[in-house]
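J.: query.cif is reproduced in full below (mmCIF, C-alpha atoms, pLDDT in the B column; chains and numbers go by the auth columns).
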data_target
loop_
_atom_site.group_PDB
_atom_site.id
_atom_site.type_symbol
_atom_site.label_atom_id
_atom_site.label_comp_id
_atom_site.label_asym_id
_atom_site.label_seq_id
_atom_site.Cartn_x
_atom_site.Cartn_y
_atom_site.Cartn_z
_atom_site.B_iso_or_equiv
_atom_site.auth_seq_id
_atom_site.auth_asym_id
ATOM 1 C CA MET A 1 3.151 -11.691 13.822 54.00 12 A
ATOM 2 C CA ARG A 2 4.493 -12.472 10.364 68.00 13 A
ATOM 3 C CA THR A 3 7.290 -10.322 8.994 80.00 14 A
ATOM 4 C CA LEU A 4 6.659 -8.856 5.553 82.00 15 A
ATOM 5 C CA SER A 5 9.569 -8.670 3.145 81.00 16 A
ATOM 6 C CA PRO A 6 9.922 -6.979 -0.241 80.00 17 A
ATOM 7 C CA GLU A 7 9.876 -10.400 -1.927 83.00 18 A
ATOM 8 C CA ASP A 8 6.307 -10.912 -0.651 85.00 19 A
ATOM 9 C CA PHE A 9 5.097 -8.123 -2.934 85.00 20 A
ATOM 10 C CA GLU A 10 6.700 -9.355 -6.163 85.00 21 A
ATOM 11 C CA GLY A 11 4.022 -9.712 -8.802 83.00 22 A
ATOM 12 C CA ARG A 12 1.618 -7.473 -6.889 83.00 23 A
ATOM 13 C CA ILE A 13 3.425 -4.156 -7.261 84.00 24 A
ATOM 14 C CA ASP A 14 5.670 -3.232 -10.175 84.00 25 A
ATOM 15 C CA ALA A 15 8.123 -1.087 -8.160 85.00 26 A
ATOM 16 C CA MET A 16 9.190 -0.764 -4.542 90.00 27 A
ATOM 17 C CA TYR A 17 8.830 3.010 -4.769 90.00 28 A
ATOM 18 C CA ARG A 18 5.172 2.577 -5.711 90.00 29 A
ATOM 19 C CA LEU A 19 4.699 0.204 -2.771 91.00 30 A
ATOM 20 C CA VAL A 20 6.179 2.742 -0.348 91.00 31 A
ATOM 21 C CA ILE A 21 3.961 5.560 -1.643 91.00 32 A
ATOM 22 C CA LEU A 22 0.830 3.392 -1.639 92.00 33 A
ATOM 23 C CA ALA A 23 1.481 2.048 1.864 92.00 34 A
ATOM 24 C CA SER A 24 2.268 5.486 3.278 93.00 35 A
ATOM 25 C CA ARG A 25 -0.918 7.016 1.868 93.00 36 A
ATOM 26 C CA ARG A 26 -3.041 4.160 3.182 93.00 37 A
ATOM 27 C CA ALA A 27 -1.295 4.291 6.578 93.00 38 A
ATOM 28 C CA ALA A 28 -2.123 8.003 6.802 94.00 39 A
ATOM 29 C CA GLN A 29 -5.787 7.163 6.164 93.00 40 A
ATOM 30 C CA LEU A 30 -5.728 4.448 8.833 93.00 41 A
ATOM 31 C CA ALA A 31 -4.093 6.773 11.369 93.00 42 A
ATOM 32 C CA ARG A 32 -7.098 9.094 11.306 93.00 43 A
ATOM 33 C CA PRO A 33 -9.747 8.523 13.985 90.00 44 A
ATOM 34 C CA GLU A 34 -12.309 7.480 11.361 91.00 45 A
ATOM 35 C CA GLY A 35 -9.860 5.113 9.606 88.00 46 A
ATOM 36 C CA ARG A 36 -10.975 1.469 9.558 89.00 47 A
ATOM 37 C CA PRO A 37 -8.861 -1.454 8.329 88.00 48 A
ATOM 38 C CA LEU A 38 -10.147 -3.494 5.384 89.00 49 A
ATOM 39 C CA VAL A 39 -8.728 -6.765 6.740 87.00 50 A
ATOM 40 C CA SER A 40 -8.329 -8.155 10.234 87.00 51 A
ATOM 41 C CA ALA A 41 -4.801 -7.024 10.913 76.00 52 A
ATOM 42 C CA GLN A 42 -2.272 -8.750 13.145 79.00 53 A
ATOM 43 C CA SER A 43 -0.853 -5.394 14.239 82.00 54 A
ATOM 44 C CA ARG A 44 -2.252 -2.100 15.441 87.00 55 A
ATOM 45 C CA LYS A 45 0.400 -0.089 13.603 89.00 56 A
ATOM 46 C CA PRO A 46 -1.034 1.759 10.575 92.00 57 A
ATOM 47 C CA THR A 47 1.974 0.988 8.374 91.00 58 A
ATOM 48 C CA VAL A 48 1.756 -2.747 8.990 90.00 59 A
ATOM 49 C CA MET A 49 -2.029 -2.713 8.519 91.00 60 A
ATOM 50 C CA ALA A 50 -1.558 -0.915 5.192 92.00 61 A
ATOM 51 C CA LEU A 51 0.967 -3.501 3.984 91.00 62 A
ATOM 52 C CA GLU A 52 -1.343 -6.351 5.026 91.00 63 A
ATOM 53 C CA GLU A 53 -4.201 -4.749 3.075 91.00 64 A
ATOM 54 C CA ILE A 54 -1.986 -4.476 -0.002 90.00 65 A
ATOM 55 C CA MET A 55 -0.965 -8.145 0.358 89.00 66 A
ATOM 56 C CA ALA A 56 -4.632 -9.144 0.600 87.00 67 A
ATOM 57 C CA GLY A 57 -5.442 -7.200 -2.575 87.00 68 A
ATOM 58 C CA LYS A 58 -7.827 -4.823 -0.799 89.00 69 A
ATOM 59 C CA VAL A 59 -5.771 -1.721 -1.638 87.00 70 A
ATOM 60 C CA THR A 60 -4.691 -1.153 -5.218 83.00 71 A
ATOM 61 C CA TYR A 61 -3.446 1.679 -7.399 82.00 72 A
ATOM 62 C CA ARG A 62 -4.084 2.903 -10.889 78.00 73 A
ATOM 63 C CA THR A 63 -2.037 4.900 -13.340 75.00 74 A
ATOM 64 C CA SER A 64 -2.901 6.626 -16.536 71.00 75 A
ATOM 65 C CA GLN A 65 -0.992 7.568 -19.632 65.00 76 A
ATOM 66 C CA ASP A 66 -1.419 11.233 -18.674 63.00 77 A
ATOM 67 C CA ASP A 67 0.635 10.704 -15.505 58.00 78 A
ATOM 68 C CA GLU A 68 3.655 9.540 -17.478 56.00 79 A
ATOM 69 C CA GLU A 69 3.361 12.266 -20.119 57.00 80 A
ATOM 70 C CA GLU A 70 3.641 14.997 -17.488 55.00 81 A
ATOM 71 C CA TYR A 71 7.112 13.795 -16.466 49.00 82 A
ATOM 72 C CA VAL A 72 8.536 12.637 -19.773 52.00 83 A
ATOM 73 C CA GLU A 73 9.270 15.281 -22.357 48.00 84 A
#
Now that the file is in, can you turn its structure into structure tokens?

T.:
Amino acid sequence: MRTLSPEDFEGRIDAMYRLVILASRRAAQLARPEGRPLVSAQSRKPTVMALEEIMAGKVTYRTSQDDEEEYVE
């Protein structure tokens, strides 16, 4: 099994915090009984499967200007 490092995600995700949130939400979806991986994963662990899906470009995120305006005053 290949080890994923933070450097592997450079250029794919703009911040490590966003990567952690995205991976944790996807891992929670995969941990459910009806959760199905989007790629053939090397591991059975939901967190590793989520990171592999992000690396493959199958899981993405989106932001809007409204999100930033709620926190910045």

J.: Just so the selection is clear, what residues does the PyMOL selection byres ((chain A and resi 69-76) around 12) cover here, as an MDAnalysis selection string?

T.: chainID A and resid 23:26 29:38 40 48:51 60:68 77:83

J.: Quick one: pull the distance between CA of Thr58 (chain A) and CA of Ala39 (chain A), Å, one decimal.

T.: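 Those two atoms sit 8.3 Å apart.
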
J.: Expressed in Å to a single decimal, how great is the separation between CA of Val59 (chain A) and CA of Gly22 (chain A)?

T.: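 These atoms are spaced 19.2 Å apart.
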
J.: Please measure the separation of CA of Thr14 (chain A) and CA of Ser54 (chain A), giving the value in Å to one decimal.

T.: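 Computing it gives 10.9 Å between the two atoms.
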
J.: For region 12-28 of chain A, take all atoms listed in the file, fit an axis-aligned box around them, add 4 Å to each of the six sides, then output centre and edge lengths in Å rounded to one decimal, as JSON.

T.:
{"center_x": 5.8, "center_y": -4.7, "center_z": 1.8, "size_x": 16.3, "size_y": 23.5, "size_z": 32.0}

J.: Starting from the sparse input, extend region 26-53 of chain A to N, CA and C atoms and give the output as a PDB file, keeping the file's coordinate frame.

T.:
ATOM      1  N   ALA A  26       6.917  -1.750  -8.643  1.00 85.00           N
ATOM      2  CA  ALA A  26       8.123  -1.087  -8.160  1.00 85.00           C
ATOM      3  C   ALA A  26       8.030  -0.871  -6.652  1.00 85.00           C
ATOM      4  N   MET A  27       9.172  -0.975  -5.992  1.00 90.00           N
ATOM      5  CA  MET A  27       9.190  -0.764  -4.542  1.00 90.00           C
ATOM      6  C   MET A  27       8.803   0.668  -4.187  1.00 90.00           C
ATOM      7  N   TYR A  28       9.198   1.610  -5.025  1.00 90.00           N
ATOM      8  CA  TYR A  28       8.830   3.010  -4.769  1.00 90.00           C
ATOM      9  C   TYR A  28       7.316   3.161  -4.749  1.00 90.00           C
ATOM     10  N   ARG A  29       6.630   2.518  -5.669  1.00 90.00           N
ATOM     11  CA  ARG A  29       5.172   2.577  -5.711  1.00 90.00           C
ATOM     12  C   ARG A  29       4.565   1.931  -4.455  1.00 90.00           C
ATOM     13  N   LEU A  30       5.164   0.856  -3.995  1.00 91.00           N
ATOM     14  CA  LEU A  30       4.699   0.204  -2.771  1.00 91.00           C
ATOM     15  C   LEU A  30       4.825   1.139  -1.571  1.00 91.00           C
ATOM     16  N   VAL A  31       5.951   1.824  -1.467  1.00 91.00           N
ATOM     17  CA  VAL A  31       6.179   2.742  -0.348  1.00 91.00           C
ATOM     18  C   VAL A  31       5.160   3.874  -0.371  1.00 91.00           C
ATOM     19  N   ILE A  32       4.929   4.455  -1.522  1.00 91.00           N
ATOM     20  CA  ILE A  32       3.961   5.560  -1.643  1.00 91.00           C
ATOM     21  C   ILE A  32       2.558   5.073  -1.317  1.00 91.00           C
ATOM     22  N   LEU A  33       2.163   3.941  -1.871  1.00 92.00           N
ATOM     23  CA  LEU A  33       0.830   3.392  -1.639  1.00 92.00           C
ATOM     24  C   LEU A  33       0.618   3.063  -0.167  1.00 92.00           C
ATOM     25  N   ALA A  34       1.595   2.414   0.452  1.00 92.00           N
ATOM     26  CA  ALA A  34       1.481   2.048   1.864  1.00 92.00           C
ATOM     27  C   ALA A  34       1.455   3.286   2.759  1.00 92.00           C
ATOM     28  N   SER A  35       2.243   4.288   2.435  1.00 93.00           N
ATOM     29  CA  SER A  35       2.268   5.486   3.278  1.00 93.00           C
ATOM     30  C   SER A  35       0.956   6.254   3.193  1.00 93.00           C
ATOM     31  N   ARG A  36       0.373   6.325   2.008  1.00 93.00           N
ATOM     32  CA  ARG A  36      -0.918   7.016   1.868  1.00 93.00           C
ATOM     33  C   ARG A  36      -2.024   6.259   2.599  1.00 93.00           C
ATOM     34  N   ARG A  37      -2.019   4.944   2.484  1.00 93.00           N
ATOM     35  CA  ARG A  37      -3.041   4.160   3.182  1.00 93.00           C
ATOM     36  C   ARG A  37      -2.828   4.217   4.691  1.00 93.00           C
ATOM     37  N   ALA A  38      -1.581   4.196   5.141  1.00 93.00           N
ATOM     38  CA  ALA A  38      -1.295   4.291   6.578  1.00 93.00           C
ATOM     39  C   ALA A  38      -1.769   5.624   7.137  1.00 93.00           C
ATOM     40  N   ALA A  39      -1.630   6.691   6.365  1.00 94.00           N
ATOM     41  CA  ALA A  39      -2.123   8.003   6.802  1.00 94.00           C
ATOM     42  C   ALA A  39      -3.644   7.977   6.952  1.00 94.00           C
ATOM     43  N   GLN A  40      -4.332   7.292   6.049  1.00 93.00           N
ATOM     44  CA  GLN A  40      -5.787   7.163   6.164  1.00 93.00           C
ATOM     45  C   GLN A  40      -6.163   6.368   7.406  1.00 93.00           C
ATOM     46  N   LEU A  41      -5.435   5.295   7.676  1.00 93.00           N
ATOM     47  CA  LEU A  41      -5.728   4.448   8.833  1.00 93.00           C
ATOM     48  C   LEU A  41      -5.414   5.146  10.153  1.00 93.00           C
ATOM     49  N   ALA A  42      -4.480   6.080  10.145  1.00 93.00           N
ATOM     50  CA  ALA A  42      -4.093   6.773  11.369  1.00 93.00           C
ATOM     51  C   ALA A  42      -5.150   7.787  11.821  1.00 93.00           C
ATOM     52  N   ARG A  43      -6.025   8.164  10.932  1.00 93.00           N
ATOM     53  CA  ARG A  43      -7.098   9.094  11.306  1.00 93.00           C
ATOM     54  C   ARG A  43      -8.082   8.386  12.231  1.00 93.00           C
ATOM     55  N   PRO A  44      -8.780   9.146  13.069  1.00 90.00           N
ATOM     56  CA  PRO A  44      -9.747   8.523  13.985  1.00 90.00           C
ATOM     57  C   PRO A  44     -10.851   7.740  13.269  1.00 90.00           C
ATOM     58  N   GLU A  45     -11.244   8.178  12.086  1.00 91.00           N
ATOM     59  CA  GLU A  45     -12.309   7.480  11.361  1.00 91.00           C
ATOM     60  C   GLU A  45     -11.781   6.358  10.467  1.00 91.00           C
ATOM     61  N   GLY A  46     -10.463   6.150  10.438  1.00 88.00           N
ATOM     62  CA  GLY A  46      -9.860   5.113   9.606  1.00 88.00           C
ATOM     63  C   GLY A  46     -10.177   3.711  10.118  1.00 88.00           C
ATOM     64  N   ARG A  47     -10.640   2.854   9.215  1.00 89.00           N
ATOM     65  CA  ARG A  47     -10.975   1.469   9.558  1.00 89.00           C
ATOM     66  C   ARG A  47     -10.213   0.530   8.624  1.00 89.00           C
ATOM     67  N   PRO A  48      -9.580  -0.502   9.184  1.00 88.00           N
ATOM     68  CA  PRO A  48      -8.861  -1.454   8.329  1.00 88.00           C
ATOM     69  C   PRO A  48      -9.818  -2.290   7.485  1.00 88.00           C
ATOM     70  N   LEU A  49      -9.352  -2.685   6.310  1.00 89.00           N
ATOM     71  CA  LEU A  49     -10.147  -3.494   5.384  1.00 89.00           C
ATOM     72  C   LEU A  49      -9.972  -4.988   5.627  1.00 89.00           C
ATOM     73  N   VAL A  50      -8.970  -5.362   6.388  1.00 87.00           N
ATOM     74  CA  VAL A  50      -8.728  -6.765   6.740  1.00 87.00           C
ATOM     75  C   VAL A  50      -8.487  -6.831   8.247  1.00 87.00           C
ATOM     76  N   SER A  51      -8.651  -8.009   8.812  1.00 87.00           N
ATOM     77  CA  SER A  51      -8.329  -8.155  10.234  1.00 87.00           C
ATOM     78  C   SER A  51      -6.812  -8.220  10.356  1.00 87.00           C
ATOM     79  N   ALA A  52      -6.253  -7.165  10.872  1.00 76.00           N
ATOM     80  CA  ALA A  52      -4.801  -7.024  10.913  1.00 76.00           C
ATOM     81  C   ALA A  52      -4.223  -7.676  12.158  1.00 76.00           C
ATOM     82  N   GLN A  53      -2.985  -8.147  12.028  1.00 79.00           N
ATOM     83  CA  GLN A  53      -2.272  -8.750  13.145  1.00 79.00           C
ATOM     84  C   GLN A  53      -1.628  -7.690  14.027  1.00 79.00           C
TER      85      GLN A  53
END
